[in-house]
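Listing of structure.txt, compact mmCIF, C-alpha atoms and all ligand atoms
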# COMPACT_ATOMS: atom_id res chain seq x y z
CA LEU A 1 0.00 0.00 0.00
CA GLN A 2 2.95 2.31 0.61
CA GLU A 3 3.82 2.38 -3.13
CA VAL A 4 0.19 3.00 -4.04
CA LEU A 5 -0.08 5.98 -1.75
CA ILE A 6 3.26 7.42 -2.88
CA ARG A 7 2.04 7.34 -6.49
CA ALA A 8 -1.31 8.93 -5.55
CA VAL A 9 0.58 11.68 -3.71
CA GLU A 10 2.76 12.34 -6.78
CA LEU A 11 -0.28 12.61 -9.00
CA THR A 12 -2.15 15.02 -6.73
CA SER A 13 0.64 17.22 -5.40
CA PRO A 14 0.39 19.89 -8.16
CA ARG A 15 -3.17 20.70 -7.05
CA LEU A 16 -2.11 20.53 -3.42
CA ASP A 17 0.61 23.11 -4.07
CA GLU A 18 -1.82 25.41 -5.92
CA LYS A 19 -3.85 25.66 -2.71
CA ASN A 20 -0.83 25.96 -0.45
CA MET A 21 -1.84 22.77 1.29
CA GLN A 22 0.36 20.09 2.82
CA PHE A 23 0.41 16.36 3.34
CA ASN A 24 1.12 14.89 6.73
CA VAL A 25 1.89 11.19 6.45
CA ASP A 26 1.95 8.36 8.95
CA ILE A 27 2.62 5.17 7.05
CA ALA A 28 3.15 1.66 8.39
CA ARG A 29 5.43 -0.34 6.15
CA ASP A 30 4.86 -3.75 4.65
CA VAL A 31 1.09 -3.57 4.54
CA THR A 32 0.46 -5.67 1.45
CA VAL A 33 -3.06 -6.03 0.15
CA ALA A 34 -4.62 -8.18 -2.55
CA GLY A 35 -5.34 -5.80 -5.36
CA ASP A 36 -4.72 -4.22 -8.71
CA PHE A 37 -2.04 -1.53 -8.43
CA ASN A 38 -3.61 0.94 -10.86
CA ARG A 39 -7.13 0.54 -9.53
CA LEU A 40 -5.91 1.09 -5.98
CA ILE A 41 -4.12 4.26 -7.11
CA GLN A 42 -7.42 5.43 -8.60
CA ILE A 43 -9.13 5.10 -5.20
CA PHE A 44 -6.64 7.30 -3.43
CA THR A 45 -6.16 9.90 -6.16
CA ASN A 46 -9.95 10.37 -6.06
CA LEU A 47 -10.11 10.65 -2.27
CA ILE A 48 -7.11 13.00 -2.09
CA THR A 49 -8.49 15.14 -4.94
CA ASN A 50 -11.75 15.49 -3.02
CA ALA A 51 -9.87 16.35 0.16
CA ILE A 52 -8.05 19.12 -1.73
CA THR A 53 -11.15 20.37 -3.57
CA TYR A 54 -13.40 20.59 -0.52
CA SER A 55 -10.85 22.20 1.81
CA PRO A 56 -9.74 25.82 2.19
CA GLU A 57 -6.20 26.92 1.38
CA ASN A 58 -3.37 26.41 3.86
CA THR A 59 -4.87 23.31 5.44
CA THR A 60 -3.36 19.87 5.93
CA ILE A 61 -4.35 16.46 4.58
CA THR A 62 -3.30 13.55 6.77
CA LEU A 63 -2.63 10.16 5.18
CA ARG A 64 -2.32 7.07 7.35
CA ILE A 65 -1.65 3.43 6.54
CA LYS A 66 -2.25 0.79 9.17
CA LYS A 67 -3.66 -2.71 9.37
CA ASN A 68 -5.65 -5.11 11.49
CA ASP A 69 -5.88 -8.91 11.24
CA GLU A 70 -7.90 -8.81 8.07
CA TYR A 71 -7.42 -5.49 6.29
CA GLY A 72 -4.91 -2.93 5.13
CA ILE A 73 -6.41 0.38 6.24
CA VAL A 74 -5.85 3.78 4.64
CA GLU A 75 -7.20 7.01 6.09
CA VAL A 76 -7.46 10.25 4.11
CA GLU A 77 -8.33 13.05 6.51
CA ASP A 78 -8.90 16.70 5.63
CA GLU A 79 -9.68 19.95 7.44
CA GLY A 80 -12.33 20.98 4.94
CA MET A 81 -16.03 21.82 4.87
CA GLY A 82 -17.19 18.38 5.98
CA ILE A 83 -20.30 16.46 4.90
CA ASP A 84 -23.62 16.65 6.73
CA LYS A 85 -24.74 13.34 8.34
CA SER A 86 -27.83 13.21 6.14
CA GLU A 87 -25.70 13.39 2.99
CA ILE A 88 -22.97 10.88 3.87
CA ALA A 89 -24.75 7.83 2.44
CA ARG A 90 -25.72 9.73 -0.71
CA VAL A 91 -22.26 10.97 -1.73
CA PHE A 92 -21.47 7.49 -3.07
CA GLU A 93 -24.38 7.68 -5.53
CA ARG A 94 -23.55 8.47 -9.14
CA PHE A 95 -23.82 12.18 -9.98
CA TYR A 96 -24.69 13.15 -6.41
CA ARG A 97 -23.03 16.37 -5.23
CA VAL A 98 -23.72 18.13 -1.94
CA ASP A 99 -25.07 21.67 -2.42
CA LYS A 100 -25.00 21.83 -6.22
CA ALA A 101 -24.85 25.63 -6.35
CA ARG A 102 -21.78 25.81 -4.18
CA SER A 103 -19.89 23.01 -5.81
CA ARG A 104 -20.84 23.74 -9.42
CA ASN A 105 -17.86 26.02 -9.92
CA SER A 106 -15.51 23.34 -8.65
CA GLY A 107 -16.41 21.50 -11.84
CA GLY A 108 -16.78 17.87 -10.76
CA THR A 109 -19.25 15.38 -12.17
CA GLY A 110 -20.20 13.56 -8.98
CA LEU A 111 -18.82 10.26 -10.22
CA GLY A 112 -15.60 10.11 -8.20
CA LEU A 113 -16.92 8.43 -5.06
CA ALA A 114 -19.23 6.10 -7.01
CA ILE A 115 -16.15 4.81 -8.83
CA VAL A 116 -14.18 4.61 -5.56
CA LYS A 117 -16.91 2.51 -3.95
CA HIS A 118 -17.13 0.25 -6.98
CA ILE A 119 -13.37 -0.43 -6.99
CA ILE A 120 -13.31 -1.05 -3.24
CA GLU A 121 -16.18 -3.53 -3.49
CA ALA A 122 -14.45 -5.30 -6.39
CA HIS A 123 -11.58 -5.86 -3.93
CA TYR A 124 -13.93 -7.17 -1.19
CA GLY A 125 -13.14 -4.07 0.85
CA LYS A 126 -15.24 -1.37 2.49
CA ILE A 127 -15.21 2.37 3.12
CA GLN A 128 -16.25 4.37 6.18
CA VAL A 129 -16.81 8.11 6.47
CA ASN A 130 -16.33 10.22 9.58
CA SER A 131 -17.20 13.84 9.01
CA THR A 132 -18.13 16.98 10.88
CA VAL A 133 -19.49 19.98 8.99
CA GLY A 134 -17.05 22.86 9.22
CA LYS A 135 -14.28 20.71 10.71
CA GLY A 136 -13.36 18.09 8.17
CA THR A 137 -13.74 14.62 6.78
CA CYS A 138 -11.93 11.32 7.26
CA MET A 139 -12.38 8.62 4.63
CA ILE A 140 -11.30 5.18 5.88
CA VAL A 141 -10.65 2.48 3.29
CA TYR A 142 -10.31 -1.22 4.13
CA ILE A 143 -8.73 -3.58 1.58
CA PRO A 144 -8.19 -7.27 2.47
CA LEU A 145 -4.57 -8.15 3.25
CA ARG A 146 -2.78 -10.51 0.93
CA LYS A 147 -2.82 -13.93 2.57
CA LYS A 148 0.55 -15.38 3.49
CA ARG A 149 1.22 -18.85 2.17
CA ASN A 150 2.33 -21.33 4.82
P1 LIG A 201 -15.82 14.19 -9.47
O1 LIG A 201 -16.61 13.25 -10.30
O2 LIG A 201 -15.00 15.14 -10.27
O3 LIG A 201 -15.05 13.52 -8.39
P2 LIG A 201 -17.26 15.30 -7.24
O4 LIG A 201 -15.99 15.52 -6.47
O5 LIG A 201 -18.34 16.31 -7.10
O6 LIG A 201 -16.95 15.14 -8.79
P3 LIG A 201 -17.52 12.84 -5.76
O7 LIG A 201 -16.05 12.72 -5.67
O8 LIG A 201 -18.32 11.62 -6.06
O9 LIG A 201 -17.91 13.90 -6.89
O10 LIG A 201 -18.08 13.48 -4.42
C1 LIG A 201 -19.50 13.69 -4.29
C2 LIG A 201 -19.78 14.88 -3.41
O11 LIG A 201 -19.40 14.56 -2.07
C3 LIG A 201 -18.98 16.13 -3.75
O12 LIG A 201 -19.61 16.91 -4.75
C4 LIG A 201 -18.94 16.86 -2.42
O13 LIG A 201 -20.13 17.59 -2.24
C5 LIG A 201 -18.92 15.71 -1.40
N1 LIG A 201 -17.56 15.40 -0.92
C6 LIG A 201 -16.73 14.41 -1.33
N2 LIG A 201 -15.58 14.38 -0.66
C7 LIG A 201 -15.64 15.39 0.24
C8 LIG A 201 -14.75 15.88 1.26
N3 LIG A 201 -13.55 15.33 1.47
N4 LIG A 201 -15.18 16.93 2.01
C9 LIG A 201 -16.41 17.48 1.79
N5 LIG A 201 -17.28 17.07 0.86
C10 LIG A 201 -16.92 16.03 0.08
MG MG A 202 -14.49 13.99 -6.52
Could you take the file, read its structure, and then write that structure out as structure tokens?
Ligand code: ATP
Ligand code: MG
Amino acid sequence: LQEVLIRAVELTSPRLDEKNMQFNVDIARDVTVAGDFNRLIQIFTNLITNAITYSPENTTITLRIKKNDEYGIVEVEDEGMGIDKSEIARVFERFYRVDKARSRNSGGTGLGLAIVKHIIEAHYGKIQVNSTVGKGTCMIVYIPLRKKRN
């Protein structure tokens, strides 16, 4: 997962710089999951792009990799506008965008998270959202660990 996240960081850092934002990383090594490298990169470029888009300038995005017995776990946490509780389930629907008027000028299509959820489910993983309006959002992705042969 380390390599995946490094690549996603490379791909998103131009936009991060434009908004004078920073990454803060806390990455456990040797967390190896069962998955397709490019599809996994797609998950985290999407989540990081959202974290950048829906945050004000000069804020920090924290990236964490950890694991439990079953899953490699990646957290993407921002200090942005947050998502209201009533909207959290809906943001994974195709074309759904919170507050269309506000987000129209940010130019997205509302497909990003639908694709993210689809890729995660194709890997037998899951995603959780913790969010507080006005404080920020933490997206937590679980991807099954690669089984060791013994
Ligand atoms: P795109 O298809 O370009 O990704 P999008 O970013 O609008 O467009 P999604 O990534 O699917 O679409 O996100 C859906 C909606 O969820 C967004 O329009 C936004 O309102 C909300 N959202 C997603 N991530 C965050 C976040 N980190 N903080 C606040 N709101 C978010
Ligand atoms: Mg998006």
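Nearest to Phe37 in chain A of all the residues A:Asp99, A:Asp84, A:Glu57, A:Glu3 is A:Glu3, counting only C-alpha atoms.
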Kindly compile the residues surrounding ligand LIG 201 (chain A) within 9 Å, counting all atoms listed in the file, and format them as a compact mmCIF listing (two decimals) with C-alpha atoms, in the frame of the given file.
# COMPACT_ATOMS: atom_id res chain seq x y z
CA ASN A 46 -9.95 10.37 -6.06
CA LEU A 47 -10.11 10.65 -2.27
CA ILE A 48 -7.11 13.00 -2.09
CA THR A 49 -8.49 15.14 -4.94
CA ASN A 50 -11.75 15.49 -3.02
CA ALA A 51 -9.87 16.35 0.16
CA ILE A 52 -8.05 19.12 -1.73
CA THR A 53 -11.15 20.37 -3.57
CA TYR A 54 -13.40 20.59 -0.52
CA SER A 55 -10.85 22.20 1.81
CA VAL A 76 -7.46 10.25 4.11
CA GLU A 77 -8.33 13.05 6.51
CA ASP A 78 -8.90 16.70 5.63
CA GLU A 79 -9.68 19.95 7.44
CA GLY A 80 -12.33 20.98 4.94
CA MET A 81 -16.03 21.82 4.87
CA GLY A 82 -17.19 18.38 5.98
CA ILE A 83 -20.30 16.46 4.90
CA ASP A 84 -23.62 16.65 6.73
CA GLU A 87 -25.70 13.39 2.99
CA ILE A 88 -22.97 10.88 3.87
CA ARG A 90 -25.72 9.73 -0.71
CA VAL A 91 -22.26 10.97 -1.73
CA PHE A 92 -21.47 7.49 -3.07
CA GLU A 93 -24.38 7.68 -5.53
CA ARG A 94 -23.55 8.47 -9.14
CA PHE A 95 -23.82 12.18 -9.98
CA TYR A 96 -24.69 13.15 -6.41
CA ARG A 97 -23.03 16.37 -5.23
CA VAL A 98 -23.72 18.13 -1.94
CA ASP A 99 -25.07 21.67 -2.42
CA LYS A 100 -25.00 21.83 -6.22
CA ARG A 102 -21.78 25.81 -4.18
CA SER A 103 -19.89 23.01 -5.81
CA ARG A 104 -20.84 23.74 -9.42
CA SER A 106 -15.51 23.34 -8.65
CA GLY A 107 -16.41 21.50 -11.84
CA GLY A 108 -16.78 17.87 -10.76
CA THR A 109 -19.25 15.38 -12.17
CA GLY A 110 -20.20 13.56 -8.98
CA LEU A 111 -18.82 10.26 -10.22
CA GLY A 112 -15.60 10.11 -8.20
CA LEU A 113 -16.92 8.43 -5.06
CA ALA A 114 -19.23 6.10 -7.01
CA ILE A 115 -16.15 4.81 -8.83
CA VAL A 116 -14.18 4.61 -5.56
CA SER A 131 -17.20 13.84 9.01
CA VAL A 133 -19.49 19.98 8.99
CA GLY A 136 -13.36 18.09 8.17
CA THR A 137 -13.74 14.62 6.78
CA CYS A 138 -11.93 11.32 7.26
CA MET A 139 -12.38 8.62 4.63
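Across the model, the gap from CA of Gly35 in chain A to CA of Arg146 in chain A is 8.3 Å.
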For range 64-68 of chain A, please output as a ChimeraX atom specification all residues within 10 Å (counting only C-alpha atoms; exclusion window: fewer than 6 positions along the same chain).
/A:1-2,5,24-33,74-77,140-145
With only C-alpha atoms as the atoms that count, which of A:Ala89, A:Thr12, A:Pro56, A:Ile61 lies nearest to Ile127 in chain A?
A:Ala89
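Nearest to ligand MG 202 (chain A) of all the residues A:Phe44, A:Phe23, A:Pro14, A:Asp36 is A:Phe44, based on all atoms listed in the file.
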